[in-house]
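Enquirer: If it helps, the file is called data_19.txt and holds compact mmCIF, C-alpha atoms:
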# COMPACT_ATOMS: atom_id res chain seq x y z
CA MET A 1 -14.44 -6.60 -55.31
CA ASN A 2 -17.07 -7.31 -52.63
CA TYR A 3 -19.56 -4.72 -51.46
CA LEU A 4 -17.61 -3.68 -48.37
CA ASP A 5 -14.42 -3.16 -50.35
CA LYS A 6 -16.36 -1.14 -52.91
CA ARG A 7 -18.04 0.94 -50.23
CA LEU A 8 -14.74 1.70 -48.50
CA SER A 9 -13.06 2.52 -51.79
CA GLU A 10 -15.79 5.07 -52.51
CA LEU A 11 -15.58 6.56 -49.01
CA TYR A 12 -11.80 6.95 -49.04
CA ALA A 13 -12.17 8.72 -52.38
CA TYR A 14 -15.02 10.92 -51.16
CA GLN A 15 -14.29 14.65 -51.43
CA ALA A 16 -16.91 17.08 -50.19
CA ASP A 17 -17.13 20.59 -51.55
CA ALA A 18 -15.64 22.87 -48.92
CA ALA A 19 -16.90 26.46 -48.99
CA PRO A 20 -15.84 28.10 -45.70
CA PRO A 21 -17.28 31.51 -44.86
CA ALA A 22 -15.08 34.36 -46.04
CA ASP A 23 -14.57 35.67 -42.51
CA LEU A 24 -13.86 32.30 -40.88
CA ASP A 25 -10.34 33.26 -39.79
CA ARG A 26 -11.51 36.59 -38.39
CA PHE A 27 -14.35 34.89 -36.51
CA TRP A 28 -12.05 32.46 -34.74
CA GLU A 29 -9.32 35.04 -34.16
CA GLN A 30 -11.84 37.26 -32.39
CA THR A 31 -13.29 34.33 -30.46
CA LEU A 32 -9.88 33.15 -29.25
CA GLN A 33 -8.82 36.69 -28.29
CA GLU A 34 -11.98 37.18 -26.26
CA THR A 35 -11.52 33.77 -24.64
CA ALA A 36 -7.92 34.47 -23.65
CA ALA A 37 -9.02 37.65 -21.89
CA LYS A 38 -11.60 35.88 -19.70
CA PRO A 39 -10.64 34.57 -16.26
CA LEU A 40 -11.21 30.87 -15.73
CA ASP A 41 -12.21 31.36 -12.09
CA GLY A 42 -11.54 27.65 -11.64
CA GLN A 43 -12.30 25.86 -8.38
CA ARG A 44 -11.87 22.26 -7.26
CA GLU A 45 -13.24 20.44 -4.24
CA ALA A 46 -12.13 16.98 -3.14
CA VAL A 47 -14.89 14.35 -3.02
CA GLU A 48 -14.96 10.69 -2.04
CA THR A 49 -15.50 7.90 -4.57
CA LEU A 50 -16.14 4.17 -4.25
CA SER A 51 -12.50 3.45 -5.04
CA PRO A 52 -9.53 4.16 -2.75
CA TYR A 53 -7.41 4.38 -5.89
CA ILE A 54 -9.17 7.45 -7.33
CA GLN A 55 -8.54 10.97 -6.12
CA ALA A 56 -11.58 12.89 -7.30
CA TYR A 57 -12.28 16.61 -7.42
CA ARG A 58 -15.50 18.37 -8.33
CA VAL A 59 -14.44 21.16 -10.67
CA THR A 60 -16.11 24.38 -11.80
CA TYR A 61 -14.69 26.95 -14.22
CA HIS A 62 -16.01 29.66 -16.51
CA GLY A 63 -16.01 29.13 -20.26
CA PHE A 64 -17.87 31.25 -22.79
CA ASP A 65 -19.88 33.28 -20.29
CA THR A 66 -20.88 33.28 -16.63
CA THR A 67 -22.14 29.70 -16.78
CA PRO A 68 -20.23 27.59 -14.21
CA ILE A 69 -19.02 24.61 -16.27
CA ARG A 70 -18.80 21.50 -14.11
CA ALA A 71 -16.30 18.70 -14.53
CA TRP A 72 -14.49 15.89 -12.74
CA LEU A 73 -10.75 15.95 -12.21
CA LEU A 74 -9.75 12.36 -11.53
CA LEU A 75 -6.28 11.20 -10.53
CA PRO A 76 -5.05 7.60 -10.22
CA SER A 77 -3.43 7.71 -6.79
CA PHE A 78 -1.19 4.69 -7.45
CA ALA A 79 0.31 6.33 -10.55
CA MET A 80 1.31 9.48 -8.68
CA GLU A 81 3.89 7.73 -6.53
CA GLY A 82 7.33 8.81 -7.69
CA GLN A 83 5.94 10.72 -10.66
CA GLU A 84 5.59 14.48 -10.48
CA LYS A 85 3.02 15.02 -13.19
CA LEU A 86 0.54 12.85 -15.08
CA PRO A 87 -0.68 12.77 -18.67
CA CYS A 88 -4.32 13.84 -18.84
CA ILE A 89 -7.27 12.79 -20.98
CA ILE A 90 -9.73 15.66 -21.41
CA THR A 91 -12.97 14.02 -22.43
CA TYR A 92 -16.20 15.43 -23.85
CA HIS A 93 -19.43 13.44 -23.84
CA GLY A 94 -22.02 12.71 -26.52
CA TYR A 95 -25.16 14.73 -27.15
CA SER A 96 -27.58 14.93 -24.20
CA GLY A 97 -25.11 13.08 -21.98
CA SER A 98 -22.91 14.24 -19.11
CA LYS A 99 -19.50 13.88 -17.50
CA GLY A 100 -20.92 10.83 -15.74
CA ILE A 101 -19.61 9.49 -12.43
CA PRO A 102 -15.93 9.15 -11.52
CA GLU A 103 -15.90 5.36 -11.56
CA GLN A 104 -16.97 5.11 -15.20
CA HIS A 105 -13.62 6.62 -16.24
CA ALA A 106 -11.69 3.76 -14.63
CA PRO A 107 -10.29 2.39 -17.95
CA TRP A 108 -8.22 5.55 -18.34
CA LEU A 109 -7.29 5.75 -14.68
CA VAL A 110 -6.03 2.17 -14.36
CA ASN A 111 -3.67 2.87 -17.25
CA GLY A 112 -2.10 5.77 -15.40
CA TYR A 113 -3.92 8.72 -16.97
CA ALA A 114 -5.53 11.60 -15.16
CA VAL A 115 -8.98 12.50 -16.51
CA LEU A 116 -10.83 15.77 -16.83
CA ALA A 117 -14.40 14.80 -17.74
CA VAL A 118 -16.39 17.86 -18.78
CA ASP A 119 -20.11 18.60 -18.90
CA VAL A 120 -21.45 20.20 -22.06
CA ARG A 121 -23.63 23.11 -20.99
CA GLY A 122 -27.34 22.65 -20.59
CA GLN A 123 -27.38 18.95 -21.41
CA GLY A 124 -27.70 15.91 -19.14
CA GLY A 125 -25.18 16.82 -16.47
CA GLU A 126 -24.92 19.33 -13.64
CA THR A 127 -24.13 22.35 -15.83
CA GLY A 128 -26.71 25.00 -16.66
CA ASN A 129 -26.71 27.45 -19.55
CA HIS A 130 -26.62 31.25 -19.23
CA LEU A 131 -26.39 31.80 -23.00
CA ALA A 132 -28.73 34.58 -24.08
CA GLN A 133 -31.47 33.62 -26.52
CA GLN A 134 -32.64 36.06 -29.19
CA TYR A 135 -34.93 33.82 -31.25
CA GLY A 136 -37.07 30.71 -30.85
CA MET A 137 -35.62 27.21 -31.06
CA THR A 138 -36.69 23.61 -31.54
CA ARG A 139 -36.20 20.77 -29.05
CA GLY A 140 -32.69 20.13 -27.79
CA TRP A 141 -29.94 22.74 -27.67
CA ILE A 142 -28.14 23.24 -30.99
CA THR A 143 -30.71 25.65 -32.46
CA GLN A 144 -30.13 28.18 -29.69
CA GLY A 145 -28.70 31.22 -31.47
CA ILE A 146 -28.43 29.31 -34.72
CA LEU A 147 -29.12 32.41 -36.83
CA ASP A 148 -25.89 34.13 -35.77
CA PRO A 149 -22.53 32.35 -35.34
CA TYR A 150 -21.47 34.88 -32.69
CA GLN A 151 -24.53 34.09 -30.55
CA SER A 152 -24.76 30.38 -31.31
CA TYR A 153 -24.76 27.48 -28.90
CA TYR A 154 -21.93 25.91 -30.91
CA ARG A 155 -19.69 28.91 -30.20
CA ALA A 156 -20.43 28.65 -26.49
CA ILE A 157 -19.64 24.94 -26.22
CA ALA A 158 -16.52 25.38 -28.35
CA VAL A 159 -15.14 27.97 -25.93
CA ASP A 160 -16.19 25.87 -22.93
CA ALA A 161 -14.25 22.95 -24.39
CA LEU A 162 -11.17 25.08 -25.09
CA GLN A 163 -11.18 26.47 -21.56
CA ALA A 164 -11.23 22.94 -20.15
CA VAL A 165 -7.83 22.39 -21.77
CA GLU A 166 -6.53 25.65 -20.31
CA TRP A 167 -7.73 24.70 -16.84
CA ALA A 168 -6.23 21.21 -17.02
CA ALA A 169 -2.86 22.59 -18.12
CA GLN A 170 -2.71 24.72 -14.96
CA GLN A 171 -3.20 21.91 -12.46
CA PRO A 172 -0.12 20.94 -10.41
CA GLU A 173 -0.62 17.20 -10.95
CA ILE A 174 -0.97 17.48 -14.75
CA ASP A 175 1.81 17.52 -17.31
CA PRO A 176 0.79 20.32 -19.74
CA GLU A 177 2.96 18.68 -22.42
CA ARG A 178 0.88 15.48 -22.35
CA LEU A 179 -2.72 16.57 -22.83
CA VAL A 180 -5.04 14.47 -25.01
CA VAL A 181 -8.54 15.53 -26.05
CA SER A 182 -11.05 12.75 -26.57
CA GLY A 183 -14.73 12.27 -27.20
CA GLN A 184 -17.42 10.37 -29.03
CA SER A 185 -20.12 11.79 -31.33
CA GLN A 186 -20.66 15.39 -30.13
CA GLY A 187 -17.59 14.89 -27.95
CA GLY A 188 -15.59 13.69 -30.93
CA GLY A 189 -16.52 16.82 -32.84
CA LEU A 190 -15.46 18.97 -29.90
CA ALA A 191 -12.16 17.08 -29.64
CA LEU A 192 -11.44 17.83 -33.30
CA LEU A 193 -12.45 21.45 -32.87
CA VAL A 194 -10.18 21.89 -29.85
CA GLY A 195 -7.37 20.16 -31.72
CA ALA A 196 -7.81 22.69 -34.52
CA LEU A 197 -7.95 25.78 -32.29
CA SER A 198 -5.44 24.96 -29.54
CA ARG A 199 -1.83 23.81 -29.70
CA LYS A 200 -1.93 22.36 -26.19
CA PRO A 201 -3.33 18.88 -27.03
CA VAL A 202 -0.60 16.55 -28.26
CA LYS A 203 -3.10 13.99 -29.59
CA VAL A 204 -6.75 13.97 -30.63
CA ILE A 205 -9.17 11.04 -30.33
CA ALA A 206 -12.43 11.62 -32.21
CA ASP A 207 -14.71 8.59 -32.24
CA ILE A 208 -17.69 8.62 -34.61
CA PRO A 209 -17.46 12.43 -34.55
CA ASN A 210 -20.19 14.94 -35.16
CA MET A 211 -19.61 18.48 -36.51
CA CYS A 212 -18.28 17.15 -39.82
CA HIS A 213 -19.72 18.06 -43.26
CA MET A 214 -22.69 19.59 -41.49
CA ASP A 215 -24.56 20.66 -44.60
CA TYR A 216 -24.72 16.96 -45.51
CA GLY A 217 -25.68 16.02 -41.95
CA ILE A 218 -28.58 18.45 -41.71
CA VAL A 219 -30.18 16.64 -44.65
CA HIS A 220 -29.39 13.03 -43.75
CA SER A 221 -28.58 12.67 -40.03
CA THR A 222 -31.02 11.21 -37.50
CA GLY A 223 -29.03 12.81 -34.65
CA SER A 224 -28.73 16.31 -33.24
CA LEU A 225 -28.60 17.97 -36.66
CA LYS A 226 -32.16 16.78 -37.13
CA GLU A 227 -33.05 19.59 -34.71
CA ALA A 228 -31.55 22.12 -37.13
CA ALA A 229 -33.55 20.54 -39.95
CA GLU A 230 -36.72 20.84 -37.88
CA PHE A 231 -35.92 24.50 -37.21
CA VAL A 232 -35.61 25.17 -40.93
CA ALA A 233 -38.81 23.24 -41.58
CA ALA A 234 -40.57 25.65 -39.21
CA HIS A 235 -38.69 28.69 -40.58
CA PRO A 236 -37.87 27.90 -44.22
CA ASP A 237 -36.77 31.46 -44.90
CA LYS A 238 -33.88 30.95 -42.45
CA LEU A 239 -32.14 28.11 -44.33
CA GLU A 240 -29.19 30.15 -45.58
CA GLN A 241 -28.62 31.71 -42.16
CA VAL A 242 -28.63 28.29 -40.51
CA LEU A 243 -26.20 26.81 -43.05
CA ARG A 244 -23.95 29.84 -42.67
CA THR A 245 -23.81 29.50 -38.88
CA LEU A 246 -23.07 25.78 -39.06
CA SER A 247 -20.23 26.41 -41.49
CA TYR A 248 -18.15 28.21 -38.84
CA PHE A 249 -18.07 25.06 -36.69
CA ASP A 250 -17.80 22.47 -39.45
CA MET A 251 -14.57 20.50 -39.21
CA LEU A 252 -14.58 20.29 -42.99
CA HIS A 253 -13.47 23.94 -42.86
CA LEU A 254 -11.19 23.70 -39.81
CA GLN A 255 -9.41 20.38 -40.26
CA GLU A 256 -6.37 21.96 -41.92
CA ARG A 257 -5.54 23.68 -38.63
CA ILE A 258 -4.99 20.40 -36.80
CA GLN A 259 -1.32 19.57 -36.29
CA ALA A 260 -1.46 16.89 -33.57
CA PRO A 261 -1.88 13.21 -34.56
CA VAL A 262 -5.52 12.18 -34.85
CA LEU A 263 -7.31 8.89 -34.22
CA MET A 264 -10.81 8.71 -35.69
CA SER A 265 -13.40 5.96 -36.00
CA VAL A 266 -16.50 5.39 -38.09
CA GLY A 267 -19.39 2.92 -38.18
CA LEU A 268 -20.52 2.12 -41.69
CA LYS A 269 -24.12 1.63 -40.51
CA ASP A 270 -24.19 4.86 -38.51
CA THR A 271 -27.22 7.06 -39.27
CA VAL A 272 -26.27 9.73 -36.72
CA CYS A 273 -22.72 10.58 -37.78
CA ILE A 274 -22.94 9.28 -41.32
CA PRO A 275 -19.79 7.78 -42.90
CA GLU A 276 -19.65 10.40 -45.65
CA THR A 277 -19.41 13.17 -43.05
CA ILE A 278 -16.52 11.54 -41.21
CA PHE A 279 -14.60 10.53 -44.33
CA SER A 280 -15.00 14.05 -45.73
CA VAL A 281 -12.86 15.36 -42.87
CA TYR A 282 -10.51 12.39 -42.54
CA ASN A 283 -9.64 12.44 -46.24
CA ARG A 284 -8.59 16.09 -46.03
CA LEU A 285 -6.54 15.87 -42.84
CA SER A 286 -2.87 16.55 -43.42
CA ALA A 287 -1.83 15.70 -39.85
CA SER A 288 -0.71 12.19 -38.95
CA LYS A 289 -3.94 10.21 -38.80
CA GLN A 290 -5.52 6.82 -38.26
CA LEU A 291 -9.08 5.70 -38.99
CA ILE A 292 -10.71 2.66 -37.40
CA VAL A 293 -13.60 1.36 -39.49
CA PHE A 294 -16.37 -0.70 -37.87
CA PRO A 295 -18.17 -2.20 -40.90
CA PHE A 296 -21.24 -3.45 -39.02
CA ASN A 297 -21.54 -0.83 -36.29
CA GLY A 298 -24.06 1.92 -36.03
CA HIS A 299 -23.40 4.85 -33.72
CA TYR A 300 -20.98 3.05 -31.41
CA THR A 301 -17.47 1.61 -31.28
CA SER A 302 -16.33 -1.79 -29.98
CA LYS A 303 -15.85 -2.89 -26.38
CA ASP A 304 -12.10 -3.27 -26.85
CA HIS A 305 -11.62 0.09 -28.57
CA ILE A 306 -9.97 1.40 -25.39
CA HIS A 307 -6.96 -0.77 -26.30
CA THR A 308 -6.67 1.00 -29.64
CA GLN A 309 -6.96 4.40 -27.98
CA ILE A 310 -4.24 3.68 -25.41
CA GLU A 311 -1.90 2.22 -28.02
CA PHE A 312 -2.45 5.35 -30.12
CA ILE A 313 -1.62 7.62 -27.18
CA ARG A 314 1.44 5.62 -26.22
CA GLY A 315 2.57 5.46 -29.83
CA LYS A 316 3.85 1.92 -29.42
CA LYS A 317 2.23 0.64 -32.59
CA GLU A 318 -0.26 1.69 -35.17
CA ALA A 319 -3.82 0.67 -34.59
CA GLU A 320 -5.42 -1.59 -37.14
CA GLY A 321 -6.96 0.56 -39.81
CA ARG A 322 -5.76 2.98 -42.44
CA SER A 323 -2.99 5.32 -41.33
CA SER A 324 -1.02 8.09 -42.89
Before anything else, please render the file you have as structure tokens.
Expert:
Amino acid sequence: MNYLDKRLSELYAYQADAAPPADLDRFWEQTLQETAAKPLDGQREAVETLSPYIQAYRVTYHGFDTTPIRAWLLLPSFAMEGQEKLPCIITYHGYSGSKGIPEQHAPWLVNGYAVLAVDVRGQGGETGNHLAQQYGMTRGWITQGILDPYQSYYRAIAVDALQAVEWAAQQPEIDPERLVVSGQSQGGGLALLVGALSRKPVKVIADIPNMCHMDYGIVHSTGSLKEAAEFVAAHPDKLEQVLRTLSYFDMLHLQERIQAPVLMSVGLKDTVCIPETIFSVYNRLSASKQLIVFPFNGHYTSKDHIHTQIEFIRGKKEAEGRSS
């Protein structure tokens, strides 16, 4: 057995200790009830793009609080001829990124999919952040409210992401029975979280996802969880509170709720979303699942991965990788 085979054998056998908080179900039940009672107050405004084949709308809606969450609704005009409603890819970006520009979502659009590309609050896009802050924080965003799961930044972005699905399902051009949530890194974690908490997505694409086995990540990751580690380094007496808050949003504790088919990917040289964290969730998933392994990749997928994603959505054949 060569090293790669040995490494993969160990990862597929990897089982992390899962110790969800005792009130996890109550926490999410309350969160979802509060979310359902909030008006979306969604608005859309047509804008021009560089392409005559893209109908673009600048979208705002309300998620967790009064923060106007900004997004793009993008429609492939050629695919709307003779078809009442379109399948829609709801996509969440990586940490510190943004929804980007309409044209960068062309790979989805040319294949006949509508796109709702969503900003994550406070990060690199056009969306601010009205979340109240009760305690100090380190650089970045994830340590805002990290001492209390009810006040945490993770709770806010989770609700924002869920409300994006609700808004998309209400649009006249979108088929609410063909919604797919997708993302990479932070966005992959949000896609998994939405897939666990909402029955509206029919498929979940989570590339090199964050928010998995977070107690492992806070020790080893060079990505956003490093901010949580720095917070604890400055406030060592807060370690247990930080770990407790993270546990409410850890897909290790929520994966059993996912019912839709899931496509995941992992880079074996990734130091941001470390293989152990991703395998810990993948190995426990009971839903139909596929995992694409990039043996020599760090925190990125391949240029042709879009083919795998589209084949997964269409269900025409299984992507290369382990499936179950």
Enquirer: Which one is closest to Ile54 (chain A): A:Tyr12, A:Tyr95, A:Trp108, A:Phe27? Count all atoms listed in the file.
Expert: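 Of A:Tyr12, A:Tyr95, A:Trp108, A:Phe27, the one nearest Ile54 (chain A), counting all atoms listed in the file, is A:Trp108.
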Enquirer: Take the point (2.0, 19.3, -29.1) as written in the file and pick out every residue within 10 Å of it, counting all atoms listed in the file; give the list as a list in words.
Expert: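 With a cut-off of 10 Å, the residues come to Pro176, Glu177, Arg178, Leu179, Val180, Gly195, Ser198, Arg199, Lys200, Pro201, Val202, Lys203, Gln259, Ala260 and Pro261 of chain A.
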Enquirer: How many Å separate CA of Arg121 (chain A) from CA of Phe279 (chain A)?
Expert: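 Taking CA of Arg121 (chain A) as the start and CA of Phe279 (chain A) as the end point, the length is 28.0 Å.
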Enquirer: Quick one: of A:Ala196, A:Ala161, A:Leu116, A:Leu4, who's nearest to Trp28 (chain A), counting all atoms listed in the file?
Expert: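 The shortest atom-to-atom distance to Trp28 (chain A) comes from A:Ala196.
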Enquirer: Show which residues sit within 9 Å of region 136-144 of chain A, as a compact mmCIF listing (two decimals) with C-alpha atoms, keeping the file's coordinate frame. Count only C-alpha atoms, and ignore same-chain residues fewer than 4 positions away.
Expert:
# COMPACT_ATOMS: atom_id res chain seq x y z
CA SER A 96 -27.58 14.93 -24.20
CA GLY A 122 -27.34 22.65 -20.59
CA GLN A 123 -27.38 18.95 -21.41
CA LEU A 131 -26.39 31.80 -23.00
CA ALA A 132 -28.73 34.58 -24.08
CA GLN A 151 -24.53 34.09 -30.55
CA SER A 152 -24.76 30.38 -31.31
CA TYR A 153 -24.76 27.48 -28.90
CA TYR A 154 -21.93 25.91 -30.91
CA SER A 224 -28.73 16.31 -33.24
CA LEU A 225 -28.60 17.97 -36.66
CA GLU A 227 -33.05 19.59 -34.71
CA ALA A 228 -31.55 22.12 -37.13
CA GLU A 230 -36.72 20.84 -37.88
CA PHE A 231 -35.92 24.50 -37.21
CA ALA A 234 -40.57 25.65 -39.21
CA VAL A 242 -28.63 28.29 -40.51
Enquirer: Within 12 Å of (4.7, 17.6, -6.7) (coordinates as in the file), grab all the protein and nucleic acid residues, counting only C-alpha atoms, and write them out as a list in words.
Expert: Met80, Glu81, Gly82, Gln83, Glu84, Lys85, Leu86, Gln171, Pro172, Glu173, Ile174 and Asp175 of chain A
Enquirer: Taking all atoms listed in the file into account, which of A:Gly124, A:Gly100, A:Gly42, A:Gly183 comes nearest Tyr61 (chain A)?
Expert: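 Closest to Tyr61 (chain A) of all the choices is A:Gly42.
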Enquirer: For the atom pair CA of Ile274 (chain A) and CA of Ile205 (chain A), what is the interatomic distance in Å to one decimal place?
Expert: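 Atom-to-atom, CA of Ile274 (chain A) to CA of Ile205 (chain A), that is 17.7 Å.
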Enquirer: If you measure from CA of Gly94 (chain A) to CA of Asn129 (chain A), what distance in Å do you get, rounded to one decimal?
Expert: 17.0 Å
Enquirer: Using all atoms listed in the file, determine which residues lie at most 7 Å from region 16-26 of chain A, disregarding the query and same-chain residues fewer than 6 positions distant; provide the list as JSON, numbers by chain.
Expert: {"A": [247, 248, 252, 253, 280]}
Enquirer: Could you pull the residues within 8 Å of Ile278 (chain A), counting only C-alpha atoms, minus those fewer than 2 positions along the same chain, as a list in words?
Expert: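 Here the answer would be Ile208, Pro209, Asn210, Cys212, His213, Val266, Cys273, Ile274, Pro275, Glu276, Ser280, Val281 and Tyr282 of chain A.
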Enquirer: Residues at most 12 Å from region 304-310 of chain A, counting only C-alpha atoms, excluding those fewer than 5 positions away in the same chain, as a ChimeraX atom specification?
Expert: /A:87,89,105-113,180-184,203-207,262-266,290-294,315-321
